[in-house]
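For reference, start.cif (mmCIF, C-alpha atoms):
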```cif
data_my_file
loop_
_atom_site.label_atom_id
_atom_site.label_comp_id
_atom_site.auth_asym_id
_atom_site.auth_seq_id
_atom_site.Cartn_x
_atom_site.Cartn_y
_atom_site.Cartn_z
CA MET A 1 13.80 2.54 -0.52
CA GLN A 2 17.34 1.65 -1.56
CA GLN A 3 18.11 -1.96 -2.42
CA ALA A 4 20.46 -2.30 0.58
CA ALA A 5 17.75 -1.08 2.96
CA ARG A 6 15.22 -3.41 1.36
CA HIS A 7 17.65 -6.31 1.90
CA GLU A 8 18.00 -5.36 5.55
CA VAL A 9 14.22 -5.27 6.04
CA THR A 10 13.86 -8.67 4.37
CA TRP A 11 16.48 -10.21 6.66
CA ALA A 12 15.03 -8.67 9.85
CA THR A 13 11.53 -9.83 8.88
CA ALA A 14 12.83 -13.35 8.30
CA VAL A 15 14.54 -13.35 11.70
CA ARG A 16 11.42 -12.26 13.56
CA ALA A 17 9.10 -14.51 11.57
CA MET A 18 11.26 -17.55 12.25
CA ASP A 19 11.49 -16.65 15.94
CA ALA A 20 7.71 -16.90 16.13
CA GLN A 21 7.71 -20.03 13.99
CA HIS A 22 10.27 -21.72 16.28
CA ARG A 23 8.17 -20.98 19.35
CA THR A 24 5.18 -22.69 17.75
CA THR A 25 6.82 -25.66 16.02
CA THR A 26 8.88 -26.78 19.01
CA TRP A 27 5.60 -27.61 20.73
CA LEU A 28 4.61 -29.58 17.63
CA ARG A 29 7.88 -31.51 17.60
CA LEU A 30 7.62 -32.26 21.32
CA GLY A 31 4.19 -33.74 20.61
CA LEU A 32 5.56 -35.82 17.74
CA VAL A 33 8.39 -37.14 19.93
CA ALA A 34 5.79 -38.04 22.54
CA MET A 35 3.93 -39.99 19.83
CA LEU A 36 7.11 -41.95 19.07
CA TRP A 37 7.55 -42.78 22.75
CA SER A 38 3.87 -43.75 23.04
CA VAL A 39 4.14 -46.52 20.42
CA LEU A 40 7.34 -47.99 21.89
CA PRO A 41 5.51 -50.21 24.43
CA TRP A 42 3.88 -52.03 21.48
CA ALA A 43 7.28 -53.32 20.36
CA ALA A 44 8.62 -56.72 21.34
CA PRO A 45 10.01 -56.67 24.92
CA ASP A 46 13.57 -57.30 23.77
CA GLU A 47 13.33 -54.31 21.36
CA VAL A 48 12.30 -51.68 23.92
CA THR A 49 15.86 -50.89 24.99
CA HIS A 50 16.80 -50.50 21.33
CA GLY A 51 13.98 -48.01 20.88
CA VAL A 52 14.87 -46.05 24.00
CA PHE A 53 18.42 -45.45 22.82
CA ALA A 54 17.15 -44.58 19.34
CA LEU A 55 14.81 -41.90 20.68
CA ALA A 56 17.27 -40.38 23.17
CA MET A 57 19.06 -38.18 20.65
CA VAL A 58 16.00 -36.68 18.97
CA THR A 59 14.37 -36.13 22.37
CA ALA A 60 17.39 -34.25 23.69
CA GLY A 61 17.58 -32.16 20.50
CA THR A 62 13.88 -31.24 20.65
CA LEU A 63 14.11 -30.22 24.30
CA ILE A 64 17.16 -28.01 23.64
CA SER A 65 15.43 -26.53 20.60
CA HIS A 66 12.41 -25.73 22.79
CA VAL A 67 14.71 -23.86 25.18
CA HIS A 68 16.51 -22.18 22.28
CA ALA A 69 13.25 -20.64 21.03
CA ARG A 70 12.45 -18.97 24.37
CA PRO A 71 14.64 -16.20 25.81
CA THR A 72 13.23 -16.71 29.32
CA LEU A 73 14.37 -20.35 29.31
CA ILE A 74 17.76 -19.28 27.94
CA ASP A 75 18.11 -16.90 30.89
CA PHE A 76 17.19 -19.70 33.30
CA LEU A 77 19.70 -22.04 31.65
CA ASP A 78 22.38 -19.38 31.96
CA ARG A 79 21.99 -19.41 35.73
CA LEU A 80 22.76 -23.13 35.93
CA PRO A 81 26.36 -24.30 36.48
CA TRP A 82 28.44 -25.39 33.48
CA MET A 83 25.86 -24.10 30.99
CA GLY A 84 27.71 -20.97 29.89
CA ALA A 85 29.18 -22.53 26.75
CA LEU A 86 25.81 -23.94 25.66
CA VAL A 87 24.05 -20.61 26.24
CA SER A 88 26.76 -18.76 24.31
CA HIS A 89 26.38 -21.20 21.41
CA LEU A 90 22.57 -20.93 21.32
CA THR A 91 22.48 -17.13 21.47
CA GLY A 92 25.25 -16.81 18.88
CA THR A 93 23.39 -18.66 16.13
CA ARG A 94 20.34 -16.38 15.89
CA GLY A 95 19.90 -14.99 12.38
CA ARG A 96 22.87 -16.93 11.01
CA ALA A 97 22.88 -19.78 8.49
CA THR A 98 25.04 -22.17 10.47
CA ALA A 99 24.85 -25.57 12.10
CA ASP A 100 23.68 -25.43 15.71
CA LEU A 101 23.51 -28.11 18.38
CA PRO A 102 19.72 -28.53 18.61
CA GLY A 103 19.45 -28.72 14.82
CA LEU A 104 22.15 -31.38 14.57
CA LEU A 105 20.65 -33.42 17.39
CA GLU A 106 17.14 -33.21 15.94
CA GLY A 107 18.21 -33.91 12.35
CA GLY A 108 20.50 -36.79 13.24
CA GLY A 109 18.13 -38.07 15.91
CA ILE A 110 15.10 -38.26 13.65
CA LEU A 111 17.20 -40.16 11.08
CA ILE A 112 18.17 -42.68 13.77
CA ALA A 113 14.53 -42.92 14.86
CA GLY A 114 13.50 -43.55 11.25
CA LEU A 115 16.07 -46.33 10.87
CA THR A 116 14.93 -47.84 14.14
CA TYR A 117 11.19 -47.72 13.70
CA VAL A 118 10.57 -48.23 9.99
CA GLY A 119 14.01 -48.58 8.34
CA PRO A 120 16.26 -51.55 7.71
CA TRP A 121 16.93 -51.95 11.45
CA GLY A 122 13.37 -51.38 12.57
CA VAL A 123 12.11 -52.74 15.87
CA ALA A 124 10.06 -55.91 15.67
CA GLY A 125 6.58 -56.52 16.95
CA LEU A 126 4.84 -53.21 16.19
CA PRO A 127 1.25 -53.64 14.92
CA GLU A 128 0.28 -51.95 11.67
CA GLU A 129 -1.55 -49.08 13.41
CA ALA A 130 1.46 -48.28 15.62
CA ALA A 131 3.80 -48.44 12.61
CA ILE A 132 1.65 -45.92 10.72
CA VAL A 133 1.63 -43.58 13.73
CA ALA A 134 5.41 -43.83 14.01
CA LEU A 135 5.88 -43.30 10.27
CA VAL A 136 3.68 -40.20 10.18
CA ALA A 137 5.35 -38.79 13.32
CA ILE A 138 8.83 -39.29 11.85
CA VAL A 139 7.92 -37.66 8.53
CA SER A 140 6.16 -34.72 10.24
CA HIS A 141 9.07 -34.17 12.60
CA THR A 142 11.49 -34.23 9.67
CA HIS A 143 9.36 -31.67 7.82
CA SER A 144 9.47 -29.30 10.79
CA VAL A 145 13.20 -29.67 11.43
CA PHE A 146 14.32 -29.16 7.86
CA LEU A 147 11.80 -26.39 7.25
CA ASN A 148 13.89 -24.44 9.77
CA VAL A 149 16.96 -25.26 7.70
CA VAL A 150 15.47 -24.15 4.38
CA LEU A 151 13.96 -20.95 5.82
CA ASP A 152 16.92 -20.06 8.03
CA PRO A 153 17.06 -16.22 8.24
CA GLY A 154 20.80 -16.34 7.65
CA PHE A 155 20.15 -17.09 3.98
CA TYR A 156 18.51 -13.66 3.67
CA ALA A 157 21.34 -11.72 5.35
CA PRO A 158 23.03 -8.92 3.35
CA PRO A 159 26.69 -9.40 2.39
CA GLU A 160 27.78 -6.76 4.90
CA PRO A 161 27.01 -7.15 8.61
CA ILE A 162 24.15 -4.90 9.69
CA GLU A 163 22.30 -3.87 12.83
CA LEU A 164 18.56 -3.23 12.66
CA GLY A 165 16.88 -2.65 16.00
CA PRO A 166 17.88 -5.49 18.35
CA ASP A 167 18.96 -7.74 15.47
CA ARG A 168 22.51 -8.07 14.15
CA SER A 169 23.59 -10.04 11.10
CA MET A 170 26.95 -11.68 10.47
CA GLY A 171 27.04 -11.35 6.70
CA ALA A 172 25.88 -13.62 3.90
CA PRO A 173 26.29 -17.41 4.29
CA HIS A 174 28.94 -19.45 2.53
CA ALA A 175 28.14 -20.59 -1.00
CA LEU A 176 28.32 -24.23 0.15
CA LEU A 177 25.51 -23.65 2.62
CA ARG A 178 23.36 -22.11 -0.09
CA TRP A 179 23.94 -25.21 -2.19
CA VAL A 180 22.95 -27.41 0.77
CA ARG A 181 19.76 -25.39 1.13
CA HIS A 182 18.71 -26.17 -2.43
CA ALA A 183 19.64 -29.84 -1.96
CA VAL A 184 17.49 -30.36 1.15
CA PRO A 185 14.04 -31.02 -0.44
CA PRO A 186 15.18 -33.51 -3.10
CA GLY A 187 17.70 -35.05 -0.71
CA LEU A 188 15.02 -35.70 1.90
CA ALA A 189 12.70 -37.14 -0.74
CA LEU A 190 15.49 -39.52 -1.80
CA VAL A 191 16.26 -40.55 1.79
CA GLY A 192 12.55 -41.00 2.49
CA ALA A 193 12.10 -43.18 -0.58
CA THR A 194 15.10 -45.28 0.51
CA LEU A 195 13.81 -45.77 4.06
CA PHE A 196 10.07 -46.05 3.56
CA VAL A 197 9.29 -47.49 0.14
CA PRO A 198 11.09 -50.87 0.37
CA GLY A 199 9.49 -53.33 2.77
CA TRP A 200 12.55 -53.65 5.01
CA ASN A 201 10.64 -55.62 7.62
CA ALA A 202 7.21 -57.05 8.26
CA VAL A 203 6.15 -53.97 10.24
CA LEU A 204 6.94 -51.57 7.40
CA ALA A 205 5.61 -53.92 4.72
CA ALA A 206 2.24 -53.92 6.49
CA VAL A 207 1.89 -50.16 5.83
CA PRO A 208 0.18 -49.46 2.45
CA LEU A 209 2.74 -48.80 -0.29
CA SER A 210 0.81 -45.76 -1.54
CA LEU A 211 1.12 -44.11 1.88
CA ARG A 212 4.84 -44.79 2.03
CA VAL A 213 5.36 -43.29 -1.42
CA LEU A 214 3.21 -40.26 -0.60
CA LEU A 215 5.13 -39.55 2.60
CA SER A 216 8.43 -39.81 0.74
CA VAL A 217 7.36 -37.39 -1.99
CA SER A 218 5.87 -34.97 0.58
CA PHE A 219 9.34 -33.61 1.35
CA LEU A 220 9.26 -31.79 -1.99
CA LEU A 221 6.58 -29.55 -0.47
CA LEU A 222 9.43 -27.77 1.31
CA TRP A 223 10.05 -26.04 -2.01
CA VAL A 224 6.45 -24.77 -2.04
CA VAL A 225 6.75 -23.41 1.51
CA TRP A 226 10.08 -21.83 0.59
CA ILE A 227 8.54 -20.01 -2.38
CA CYS A 228 5.59 -18.82 -0.27
CA PHE A 229 7.92 -17.57 2.48
CA ASP A 230 9.96 -15.59 -0.05
CA GLN A 231 6.79 -14.00 -1.36
CA VAL A 232 5.70 -13.00 2.16
CA LEU A 233 9.12 -11.43 2.79
CA GLU A 234 8.89 -9.53 -0.50
CA ALA A 235 5.44 -8.28 0.47
CA ALA A 236 6.73 -7.20 3.89
CA ALA A 237 9.58 -5.23 2.30
CA SER A 238 7.14 -3.55 -0.11
CA THR A 239 4.84 -2.65 2.78
CA VAL A 240 7.72 -1.08 4.70
CA GLU A 241 8.65 0.85 1.56
CA ASP A 242 5.10 2.20 1.29
CA CYS A 243 5.06 3.10 5.00
CA GLU A 244 8.39 4.87 4.65
CA TYR A 245 6.96 6.91 1.78
CA LEU A 246 3.94 7.90 3.90
CA VAL A 247 6.22 8.88 6.77
CA ARG A 248 8.32 11.02 4.43
CA LEU A 249 5.15 12.72 3.14
CA GLY A 250 3.99 13.39 6.68
CA ALA A 251 7.39 14.76 7.66
CA ALA A 252 7.45 17.05 4.63
CA GLN A 253 3.95 18.22 5.42
CA ASP A 254 4.86 18.92 9.06
CA LEU A 255 7.96 20.84 8.04
CA HIS A 256 5.95 22.97 5.63
CA SER A 257 2.83 23.49 7.72
CA LEU A 258 4.30 23.83 11.18
CA ALA A 259 7.89 24.95 10.65
CA LYS A 260 8.26 26.73 7.32
CA ASN A 261 5.16 28.89 7.81
CA SER A 262 6.43 29.95 11.24
CA ILE A 263 9.76 31.04 9.76
CA VAL A 264 7.93 32.94 7.00
CA SER A 265 6.15 35.01 9.64
CA VAL A 266 9.46 35.78 11.36
CA LEU A 267 11.00 36.94 8.07
CA LYS A 268 7.97 39.09 7.30
CA ALA A 269 8.20 40.76 10.70
CA VAL A 270 11.94 41.37 10.27
CA GLU A 271 11.47 42.92 6.81
CA SER A 272 8.43 44.98 7.83
CA PRO A 273 8.79 48.80 7.69
CA HIS A 274 7.10 48.77 11.12
CA TYR A 275 9.75 46.50 12.61
CA GLN A 276 9.20 45.76 16.29
CA ARG A 277 11.81 43.86 18.17
CA SER A 278 9.33 42.43 20.70
CA GLU A 279 7.15 41.02 17.90
CA VAL A 280 10.13 39.38 16.17
CA ARG A 281 11.27 37.93 19.49
CA GLY A 282 7.81 36.50 20.19
CA LEU A 283 7.44 35.05 16.71
CA THR A 284 10.90 33.48 16.92
CA ARG A 285 10.00 31.93 20.25
CA ASN A 286 6.78 30.53 18.77
CA ALA A 287 8.70 29.17 15.79
CA LEU A 288 11.07 27.35 18.13
CA VAL A 289 8.09 25.92 20.00
CA GLN A 290 6.62 24.72 16.72
CA LEU A 291 9.91 23.09 15.71
CA GLU A 292 10.15 21.36 19.07
CA GLY A 293 6.57 20.16 18.66
CA VAL A 294 7.40 18.74 15.24
CA ARG A 295 10.44 16.96 16.67
CA ARG A 296 8.39 15.44 19.48
CA ASP A 297 5.69 14.36 17.04
CA TRP A 298 8.23 12.53 14.91
CA LEU A 299 9.69 10.75 17.94
CA ASN A 300 6.27 9.88 19.33
CA GLN A 301 5.12 6.45 18.17
CA ASP A 302 1.48 7.45 18.63
CA ARG A 303 1.23 10.34 16.19
CA THR A 304 -2.41 11.01 17.13
CA SER A 305 -2.21 10.62 20.88
CA ALA A 306 -4.37 13.62 21.87
CA GLY A 307 -7.22 15.77 20.60
CA GLY A 308 -8.52 19.05 21.99
CA ARG A 309 -10.71 22.12 21.61
CA LEU A 310 -10.70 23.98 18.31
CA GLU A 311 -10.30 27.33 20.10
CA ASP A 312 -7.01 26.21 21.66
CA LEU A 313 -5.81 24.95 18.30
CA TRP A 314 -6.75 28.24 16.64
CA GLU A 315 -4.87 30.30 19.21
CA ALA A 316 -1.77 28.14 18.65
CA ALA A 317 -2.10 28.47 14.86
CA VAL A 318 -2.35 32.29 14.80
CA SER A 319 0.33 32.79 17.45
CA VAL A 320 3.02 32.26 14.80
CA LEU A 321 1.59 35.00 12.56
CA THR A 322 2.63 38.64 12.58
CA ARG A 323 0.23 41.08 14.22
CA ASP A 324 -1.09 42.52 10.96
CA TRP A 325 -1.69 39.02 9.61
CA ARG A 326 -3.49 37.94 12.79
CA GLU A 327 -5.86 40.87 12.49
CA LYS A 328 -6.96 39.66 9.04
CA CYS A 329 -7.98 36.17 10.26
CA HIS A 330 -11.40 35.41 11.74
CA LEU A 331 -12.67 32.09 13.10
CA ASP A 332 -16.41 31.50 13.21
CA GLU A 333 -17.43 31.96 16.85
CA ALA A 334 -19.77 28.98 16.74
CA ALA A 335 -16.85 26.68 15.97
CA ARG A 336 -14.63 27.59 18.91
CA ASP A 337 -16.10 25.03 21.33
CA ILE A 338 -15.86 22.05 18.94
CA GLU A 339 -14.00 19.11 20.51
CA LEU A 340 -11.74 17.42 17.99
CA ARG A 341 -10.69 13.80 18.10
CA PRO A 342 -6.95 13.01 17.87
CA THR A 343 -6.74 12.48 14.10
CA ASP A 344 -9.09 15.39 13.39
CA TYR A 345 -6.94 17.62 15.60
CA GLN A 346 -3.82 16.85 13.55
CA LEU A 347 -5.60 17.37 10.23
CA VAL A 348 -7.21 20.68 11.26
CA ARG A 349 -3.85 21.89 12.59
CA ARG A 350 -2.20 21.28 9.23
CA LEU A 351 -5.12 22.70 7.28
CA LEU A 352 -5.26 25.92 9.26
CA SER A 353 -1.53 26.45 9.01
CA ASP A 354 -1.38 25.83 5.25
CA LEU A 355 -4.63 27.41 4.06
CA VAL A 356 -4.45 30.52 6.22
CA THR A 357 -0.80 31.16 5.37
CA ASN A 358 -1.45 30.62 1.66
CA ALA A 359 -4.33 33.11 1.78
CA LEU A 360 -2.19 35.73 3.53
CA LYS A 361 0.65 35.22 1.07
CA ALA A 362 -1.91 35.89 -1.69
CA GLU A 363 -2.36 39.38 -0.18
CA ALA A 364 -5.80 38.69 1.30
CA ASP A 365 -7.26 41.37 3.58
CA HIS A 366 -9.89 39.07 5.08
CA VAL A 367 -9.55 35.35 5.83
CA ASP A 368 -12.64 33.65 7.25
CA ILE A 369 -12.52 30.15 8.71
CA GLN A 370 -15.55 27.96 9.35
CA VAL A 371 -15.38 24.53 10.96
CA THR A 372 -18.35 22.20 11.38
CA ALA A 373 -18.64 18.75 12.94
CA GLY A 374 -21.81 16.96 11.93
CA ASN A 375 -23.19 13.60 10.93
CA GLY A 376 -23.04 12.66 7.29
CA GLY A 377 -24.96 9.40 7.17
CA ARG A 378 -23.65 7.07 9.88
CA ALA A 379 -20.27 8.72 10.44
CA ARG A 380 -19.37 12.06 11.96
CA ARG A 381 -17.73 14.33 9.40
CA ILE A 382 -15.51 17.36 9.82
CA GLN A 383 -15.60 20.23 7.35
CA VAL A 384 -13.13 23.12 7.26
CA THR A 385 -13.80 26.08 4.93
CA VAL A 386 -11.24 28.85 4.44
CA THR A 387 -12.42 31.85 2.39
CA ASP A 388 -10.30 34.85 1.44
CA ASP A 389 -10.32 37.86 -0.87
CA GLY A 390 -6.78 37.44 -2.12
CA ARG A 391 -5.54 37.22 -5.67
CA GLY A 392 -6.67 33.60 -6.03
CA MET A 393 -5.15 30.15 -6.14
CA PRO A 394 -3.55 28.59 -9.25
CA THR A 395 -5.99 26.17 -10.86
CA ASP A 396 -3.38 23.41 -11.14
CA VAL A 397 -2.15 23.54 -7.51
CA LEU A 398 -3.52 20.06 -6.77
CA SER A 399 -1.96 18.61 -9.92
CA ASP A 400 1.58 19.09 -8.64
CA PRO A 401 2.23 16.29 -6.10
CA ARG A 402 4.98 18.35 -4.46
CA THR A 403 2.70 21.13 -3.20
CA SER A 404 1.51 21.10 0.40
CA LEU A 405 -2.15 21.17 -0.72
CA ALA A 406 -1.63 18.10 -2.92
CA VAL A 407 -0.11 16.29 0.07
CA LEU A 408 -3.06 17.37 2.20
CA ALA A 409 -5.51 16.12 -0.42
CA ARG A 410 -3.83 12.69 -0.43
CA GLU A 411 -3.95 12.63 3.38
CA LEU A 412 -7.67 13.44 3.40
CA ARG A 413 -8.41 10.63 0.94
CA ARG A 414 -7.20 8.18 3.61
CA TYR A 415 -10.19 9.29 5.66
CA ASP A 416 -12.75 9.27 2.85
CA GLY A 417 -12.28 13.01 2.43
CA THR A 418 -11.78 15.64 -0.25
CA LEU A 419 -10.09 18.99 -0.74
CA THR A 420 -11.98 21.19 -3.21
CA PHE A 421 -12.11 24.82 -4.35
CA GLY A 422 -15.48 26.53 -4.06
CA PRO A 423 -16.79 28.92 -6.76
CA ARG A 424 -15.93 32.60 -6.14
CA LYS A 425 -15.70 35.69 -8.35
CA ALA A 426 -12.65 36.89 -6.44
CA GLY A 427 -10.30 35.32 -3.96
CA THR A 428 -10.39 31.66 -2.98
CA SER A 429 -12.66 29.33 -1.06
CA VAL A 430 -11.12 25.99 -0.05
CA VAL A 431 -13.27 23.25 1.48
CA ALA A 432 -11.77 20.23 3.28
CA ASP A 433 -14.14 17.47 4.31
CA TRP A 434 -13.42 14.04 5.84
CA GLU A 435 -14.77 11.30 8.05
CA SER A 436 -13.96 11.95 11.69
CA ARG A 437 -11.49 9.55 13.34
#
```

Mind turning the file's structure into structure tokens?
Amino acid sequence: MQQAARHEVTWATAVRAMDAQHRTTTWLRLGLVAMLWSVLPWAAPDEVTHGVFALAMVTAGTLISHVHARPTLIDFLDRLPWMGALVSHLTGTRGRATADLPGLLEGGGILIAGLTYVGPWGVAGLPEEAAIVALVAIVSHTHSVFLNVVLDPGFYAPPEPIELGPDRSMGAPHALLRWVRHAVPPGLALVGATLFVPGWNAVLAAVPLSLRVLLSVSFLLLWVVWICFDQVLEAAASTVEDCEYLVRLGAAQDLHSLAKNSIVSVLKAVESPHYQRSEVRGLTRNALVQLEGVRRDWLNQDRTSAGGRLEDLWEAAVSVLTRDWREKCHLDEAARDIELRPTDYQLVRRLLSDLVTNALKAEADHVDIQVTAGNGGRARRIQVTVTDDGRGMPTDVLSDPRTSLAVLARELRRYDGTLTFGPRKAGTSVVADWESR
């Protein structure tokens, strides 16, 4: 995978991961705001109004953030009068490292709540237990809000705007924002130490000093989460790279087994001294059908959506061969009624196409195919044996990773299978065996 494509995958993964994270953490922050409201009645009566105004901003920000994380609520908000500008703002910030309204309200609001509950202008009259609850709720809410800032998907956006599926980026963030990102963990730790460590009032002084110090230092854990998130994104990009490689192998195998071999038969019929126009026309039609089947397989998300009878598969496999080649191929009669599962069907289709065509290219006069489906221990196993009297197979054919048989061997290993050459004095005997899926 090219570096640019890897960057795109990293950004898209960050966007979708943070979407899910927002949907979960907004519930958490709503609960923490509810905790702050629940301790307000413990304050002195003349301080309640002070507390209500202090909690208004963070409450509004958390509610808007909850709506922001849910497209269905955004759609509902869009149907309300005078909400068009707000909806446009919320939908325009997805995947971008930029200040948004809910983030500003939550960040500023939790700072005001901290100043009001446990800071220099803290409300009077809270008992020690209520003060601890408020302190923990404020710190936890701050963690959640600024975790969204540090892990904002916009920081992972490529320099050039891209479009990947439903997601669109707006380019890399400004250098100043990247600096702010690095400053968030130590900055929060400094603000926390300023607000929580000094005993600004009797309520805060009643909270153990060790707890206040621990909560202040806990903001540095944002760095740890940041590092872990980067590692997960790197792993996701590597996984996509591996999947892309497997898809490319499968595509190459399909082109060789189902398309190239069909064209080879057409060319053989055209160059035959016994040229027959009807045969060439039929083989060309079958080749087109095979190509269309390959195209549909690639577009189908479920690559193993259907199985079938081996006899039907055999008839489809030999239909792309010239008449003289078809007459040389013989399927064991006992195998015709075997019902193949979806994955087995795809594997047998590729095996028959490759092994039979290879045998015929090696000038074999007789190609015998045996297929068995039996139990090997606990699991059902499929075995395909293709025997011919041709000039033989090169001994190093499986050593070259570019050959179709080497690709098939790798595919079979995914299903605890093998591709081996049986002992013969002349010709070739190839045995494919795997666990049925």

Residue neighbourhood Tyr156 in chain A, 10 Å, all atoms listed in the file, exclusion window fewer than 4 positions, as an mmCIF file with C-alpha atoms, in the frame of the given file:
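File produced: selection.cif:
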```cif
data_model
loop_
_atom_site.group_PDB
_atom_site.id
_atom_site.type_symbol
_atom_site.label_atom_id
_atom_site.label_comp_id
_atom_site.auth_asym_id
_atom_site.auth_seq_id
_atom_site.Cartn_x
_atom_site.Cartn_y
_atom_site.Cartn_z
ATOM 1 C CA HIS A 7 17.650 -6.310 1.900
ATOM 2 C CA GLU A 8 18.000 -5.360 5.550
ATOM 3 C CA VAL A 9 14.220 -5.270 6.040
ATOM 4 C CA THR A 10 13.860 -8.670 4.370
ATOM 5 C CA TRP A 11 16.480 -10.210 6.660
ATOM 6 C CA ALA A 12 15.030 -8.670 9.850
ATOM 7 C CA THR A 13 11.530 -9.830 8.880
ATOM 8 C CA ALA A 14 12.830 -13.350 8.300
ATOM 9 C CA VAL A 15 14.540 -13.350 11.700
ATOM 10 C CA GLY A 95 19.900 -14.990 12.380
ATOM 11 C CA ARG A 96 22.870 -16.930 11.010
ATOM 12 C CA ALA A 97 22.880 -19.780 8.490
ATOM 13 C CA LEU A 151 13.960 -20.950 5.820
ATOM 14 C CA ASP A 152 16.920 -20.060 8.030
ATOM 15 C CA SER A 169 23.590 -10.040 11.100
ATOM 16 C CA GLY A 171 27.040 -11.350 6.700
ATOM 17 C CA ALA A 172 25.880 -13.620 3.900
ATOM 18 C CA PRO A 173 26.290 -17.410 4.290
ATOM 19 C CA ASP A 230 9.960 -15.590 -0.050
ATOM 20 C CA LEU A 233 9.120 -11.430 2.790
#
```

Test item: residues at most 9 Å from range 84-87 of chain A, all atoms listed in the file, excluding those fewer than 3 positions along its chain, as a ChimeraX atom specification
/A:68,74-75,77-81,90-92,101

### Task
Would you kindly translate the PyMOL selection byres ((chain A and resi 369) around 6) into the concrete residues it picks from this file, as a ChimeraX atom specification?
/A:331,368,370,385-386

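Here the PyMOL selection byres ((chain A and resi 345) around 9) catches exactly these residues: Thr304, Ala306, Gly307, Gly308, Arg309, Leu310, Leu313, Glu339, Leu340, Arg341, Pro342, Thr343, Asp344, Gln346, Leu347, Val348, Arg349 and Arg350 of chain A.
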
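The two atoms in question, CA of Cys243 in chain A and CA of Asp354 in chain A, are spaced 23.6 Å apart.
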
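Atom to atom, CA of Ala17 in chain A and CA of Leu36 in chain A stand 28.5 Å apart.
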
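You can rank A:Arg29, A:Thr59, A:Ala124, A:Gln3 by their closest distance to Asp46 in chain A using only C-alpha atoms, and at the top of that list sits A:Ala124.
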
Contacts of Glu363 in chain A at 12 Å or less, counting only C-alpha atoms, minus same-chain residues fewer than 5 places along, as a PDB file with C-alpha atoms, in the coordinates of the input?
```
ATOM      1  CA  ASP A 324      -1.090  42.520  10.960  1.00  0.00           C
ATOM      2  CA  TRP A 325      -1.690  39.020   9.610  1.00  0.00           C
ATOM      3  CA  LYS A 328      -6.960  39.660   9.040  1.00  0.00           C
ATOM      4  CA  VAL A 356      -4.450  30.520   6.220  1.00  0.00           C
ATOM      5  CA  THR A 357      -0.800  31.160   5.370  1.00  0.00           C
ATOM      6  CA  ASN A 358      -1.450  30.620   1.660  1.00  0.00           C
ATOM      7  CA  ASP A 388     -10.300  34.850   1.440  1.00  0.00           C
ATOM      8  CA  ASP A 389     -10.320  37.860  -0.870  1.00  0.00           C
ATOM      9  CA  GLY A 390      -6.780  37.440  -2.120  1.00  0.00           C
ATOM     10  CA  ARG A 391      -5.540  37.220  -5.670  1.00  0.00           C
ATOM     11  CA  GLY A 392      -6.670  33.600  -6.030  1.00  0.00           C
ATOM     12  CA  MET A 393      -5.150  30.150  -6.140  1.00  0.00           C
ATOM     13  CA  GLY A 427     -10.300  35.320  -3.960  1.00  0.00           C
ATOM     14  CA  THR A 428     -10.390  31.660  -2.980  1.00  0.00           C
TER      15      THR A 428
END
```

### Query
What residues come out when you apply the PyMOL selection byres ((chain A and resi 116) around 12) to this file, written as a PyMOL selection string?
chain A and resi 36+40+43+47-56+109-115+117-124+126+131+134-135+138+195-196+200-201+203-204
